[in-house]
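A quick write-up on the structure given underneath.
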Amino acid sequence: MAALPLAYHAMRLRWCGWALLAFLRRWGVYGLVAVAVIGAGAASAIEIVSAVAAWLVLPLFRAAGEPAWLLPAVLLQSLLGCLLVWGMRPLLWPARWAEAERALPLASVDVLLSDAIVVAIGLVPLLLLYAVGASTLLIHDPAWLRPLHVRAVASLLAVIAGTVGGGVALLAWQRRAVGVRSVQRALQAPIAPGGNTFAAVRRAHWGQVLLAWPLWRGPARRTGHAMTLAAVLLCVPGLGLFIAPAAASWWLAAFAAGLLYAVTRIESLARADWLPLYEACSMLPLRPAALRRARAGVALLPALPGALVLVLSLPHNGVRRGVLWAYAAACLLACLAELPEPPDDAGTRSARWLFSLVVLLALASEVMA
């Protein structure tokens, strides 16, 4: 008996479920180890997770008591969730599906509903954290929260709706944008032998052509987006250190963990984005080792703004300078260890990543006297 063909929605759910499970198998162990390291010595790991989840919704619940701040807080928290969806775009809607979708007789309502379902599935870990955090605060029921129960829960539901709606809008925007810019550039590019495009390429340095241009109008735009997002997010620990210096150890630990994850992720994206380009350039008089070193160095660039903000925000008193230098050296060595060529096997890389994370968190906790 022949198998029945899958409908578009069923096929998409199956593919996205497989992609999300594969992602969790690769990175879920890192999250578990991070929770275990952070919760070392605590009475219960569940209490640690509950406390972290409560911090996620605490600003929103606080804003529920301030009408002037409630709407900005809802919008900002929804935006943070949309950034998570933006990072999961390859798992929720791969760009290579664009031509197939345009060729199928798909109703707009069906595509919209499918987008909403896969976005909600991708946001399940975040929504669970929201639920745990809200439950923790409501169970402890501090005095300032008692008159705000309904408004706080309603604001959290608004954040969830805004996050899912924003994620659906992002997927719809990506679906419209894929292929449009490349077609426009192809139509606008001069094709005469003496055109300006060829003259510009002749004058350009190889680093500009093979590194800079691919990041914003070539095959490495995905890496460029990840670099921009990482550069912004890695500035957050430094700003937090400036605002709340009493929690300096936590901010230093957050920067180290975020830095290690960002470098690992960007290096992986850069390798996948640039490998076909470098293979096509194999006949050019360029040293392959120089190309590999340049591509690996790209993964370190987003750390520079965050490191500068962190250094400028460090308090002048109470810093163990010897430990601080060891922390900085460990951050650099841990990042460089994620850039081997050729890449290590998955088991070796995972073990090294976990060891680096433990060392960095341990040093971060000892920087302040």
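If you're wondering about the labels, chains in the structure tokens are A, B, ... by order shown, residues count from 1 in each chain, ligands from 1 in order shown.
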
Can you tell me, as JSON, numbers by chain, what residues are no more than 7 Å from stretch 250-260 of chain A when counting only C-alpha atoms, ignoring any on the same chain fewer than 5 positions away?
{"A": [234, 237, 240, 241, 303, 331, 335, 357, 360, 361, 364]}

Can I get the selection written as a short mmCIF file (atom, residue, chain, number, x, y, z; two decimals), in the first residue's frame, with N, CA and C atoms?
```
data_model
loop_
_atom_site.label_atom_id
_atom_site.label_comp_id
_atom_site.auth_asym_id
_atom_site.auth_seq_id
_atom_site.Cartn_x
_atom_site.Cartn_y
_atom_site.Cartn_z
N LEU A 234 26.27 40.94 24.25
CA LEU A 234 27.44 40.86 25.11
C LEU A 234 27.74 42.19 25.82
N PRO A 237 25.92 42.41 30.01
CA PRO A 237 26.57 42.21 31.31
C PRO A 237 27.35 43.44 31.77
N GLY A 240 24.85 45.88 33.02
CA GLY A 240 24.34 45.40 34.30
C GLY A 240 25.34 45.60 35.42
N LEU A 241 26.63 45.41 35.11
CA LEU A 241 27.67 45.64 36.11
C LEU A 241 27.73 47.10 36.52
N ALA A 303 33.01 40.09 20.42
CA ALA A 303 33.37 40.16 21.84
C ALA A 303 33.99 41.51 22.21
N CYS A 331 39.18 33.58 29.25
CA CYS A 331 38.18 33.89 28.23
C CYS A 331 38.80 33.82 26.84
N CYS A 335 38.01 30.91 23.94
CA CYS A 335 37.50 31.26 22.62
C CYS A 335 38.42 30.74 21.52
N LEU A 357 33.69 26.20 30.29
CA LEU A 357 32.60 26.89 30.99
C LEU A 357 32.78 26.82 32.50
N LEU A 360 35.68 29.16 33.57
CA LEU A 360 35.32 30.57 33.47
C LEU A 360 34.37 30.99 34.59
N LEU A 361 33.37 30.15 34.89
CA LEU A 361 32.44 30.49 35.96
C LEU A 361 33.15 30.51 37.31
N ALA A 364 35.16 33.72 37.44
CA ALA A 364 34.27 34.89 37.57
C ALA A 364 33.80 35.08 39.00
#
```

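In terms of minimum interatomic distance to A:Ser249, A:Ala369 ranks closest within A:Met227, A:Leu269, A:Ala369, A:Val52, counting only C-alpha atoms.
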
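Proximity to A:Leu123 at 9 Å, evaluated using only C-alpha atoms and with sequence-adjacent residues fewer than 2 positions away removed, yields Gly81, Leu84, Val85, Val118, Val119, Ala120, Ile121, Pro125, Leu126, Leu127, Leu128, Thr163 and Val164 of chain A.
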
What does the file look like for those residues with N, CA and C atoms, as an mmCIF file, in the first residue's frame?
```cif
data_model
loop_
_atom_site.group_PDB
_atom_site.id
_atom_site.type_symbol
_atom_site.label_atom_id
_atom_site.label_comp_id
_atom_site.auth_asym_id
_atom_site.auth_seq_id
_atom_site.Cartn_x
_atom_site.Cartn_y
_atom_site.Cartn_z
ATOM 1 N N GLY A 81 11.622 38.152 23.264
ATOM 2 C CA GLY A 81 11.159 36.869 22.751
ATOM 3 C C GLY A 81 11.259 36.785 21.235
ATOM 4 N N LEU A 84 14.627 35.836 20.134
ATOM 5 C CA LEU A 84 14.839 34.388 20.206
ATOM 6 C C LEU A 84 14.299 33.705 18.949
ATOM 7 N N VAL A 85 13.129 34.137 18.505
ATOM 8 C CA VAL A 85 12.570 33.575 17.267
ATOM 9 C C VAL A 85 13.474 33.895 16.082
ATOM 10 N N VAL A 118 4.439 26.583 14.632
ATOM 11 C CA VAL A 118 5.859 26.258 14.782
ATOM 12 C C VAL A 118 6.571 27.284 15.659
ATOM 13 N N VAL A 119 6.143 28.552 15.617
ATOM 14 C CA VAL A 119 6.725 29.559 16.513
ATOM 15 C C VAL A 119 6.397 29.224 17.961
ATOM 16 N N ALA A 120 5.154 28.835 18.220
ATOM 17 C CA ALA A 120 4.766 28.463 19.586
ATOM 18 C C ALA A 120 5.556 27.248 20.070
ATOM 19 N N ILE A 121 5.780 26.281 19.184
ATOM 20 C CA ILE A 121 6.561 25.102 19.562
ATOM 21 C C ILE A 121 8.001 25.498 19.873
ATOM 22 N N PRO A 125 10.332 26.298 25.540
ATOM 23 C CA PRO A 125 11.214 26.473 26.714
ATOM 24 C C PRO A 125 11.056 27.840 27.376
ATOM 25 N N LEU A 126 10.956 28.905 26.569
ATOM 26 C CA LEU A 126 10.778 30.239 27.143
ATOM 27 C C LEU A 126 9.433 30.362 27.843
ATOM 28 N N LEU A 127 8.383 29.817 27.246
ATOM 29 C CA LEU A 127 7.056 29.898 27.861
ATOM 30 C C LEU A 127 7.013 29.103 29.171
ATOM 31 N N LEU A 128 7.715 27.978 29.221
ATOM 32 C CA LEU A 128 7.784 27.221 30.472
ATOM 33 C C LEU A 128 8.496 28.019 31.557
ATOM 34 N N THR A 163 4.887 38.035 21.672
ATOM 35 C CA THR A 163 6.053 37.283 21.221
ATOM 36 C C THR A 163 5.693 36.353 20.058
ATOM 37 N N VAL A 164 4.589 35.622 20.211
ATOM 38 C CA VAL A 164 4.170 34.713 19.132
ATOM 39 C C VAL A 164 3.796 35.517 17.887
#
```

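Between atom CA of A:Gly238 and atom CA of A:Ala226 the interatomic distance comes to 19.4 Å.
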
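Atom CA of A:Trp93 is positioned 10.4 Å from atom CA of A:Leu13.
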
Can you pull out the residues contacting A:Ala64? Cut-off 8 Å, using only C-alpha atoms, and skip same-chain residues under 2 positions away; I want them as a list in words.
Leu60, Phe61, Arg62, Glu66, Pro67, Trp69, Leu70, Leu148, Arg151, Ala152 and Ser155 of chain A
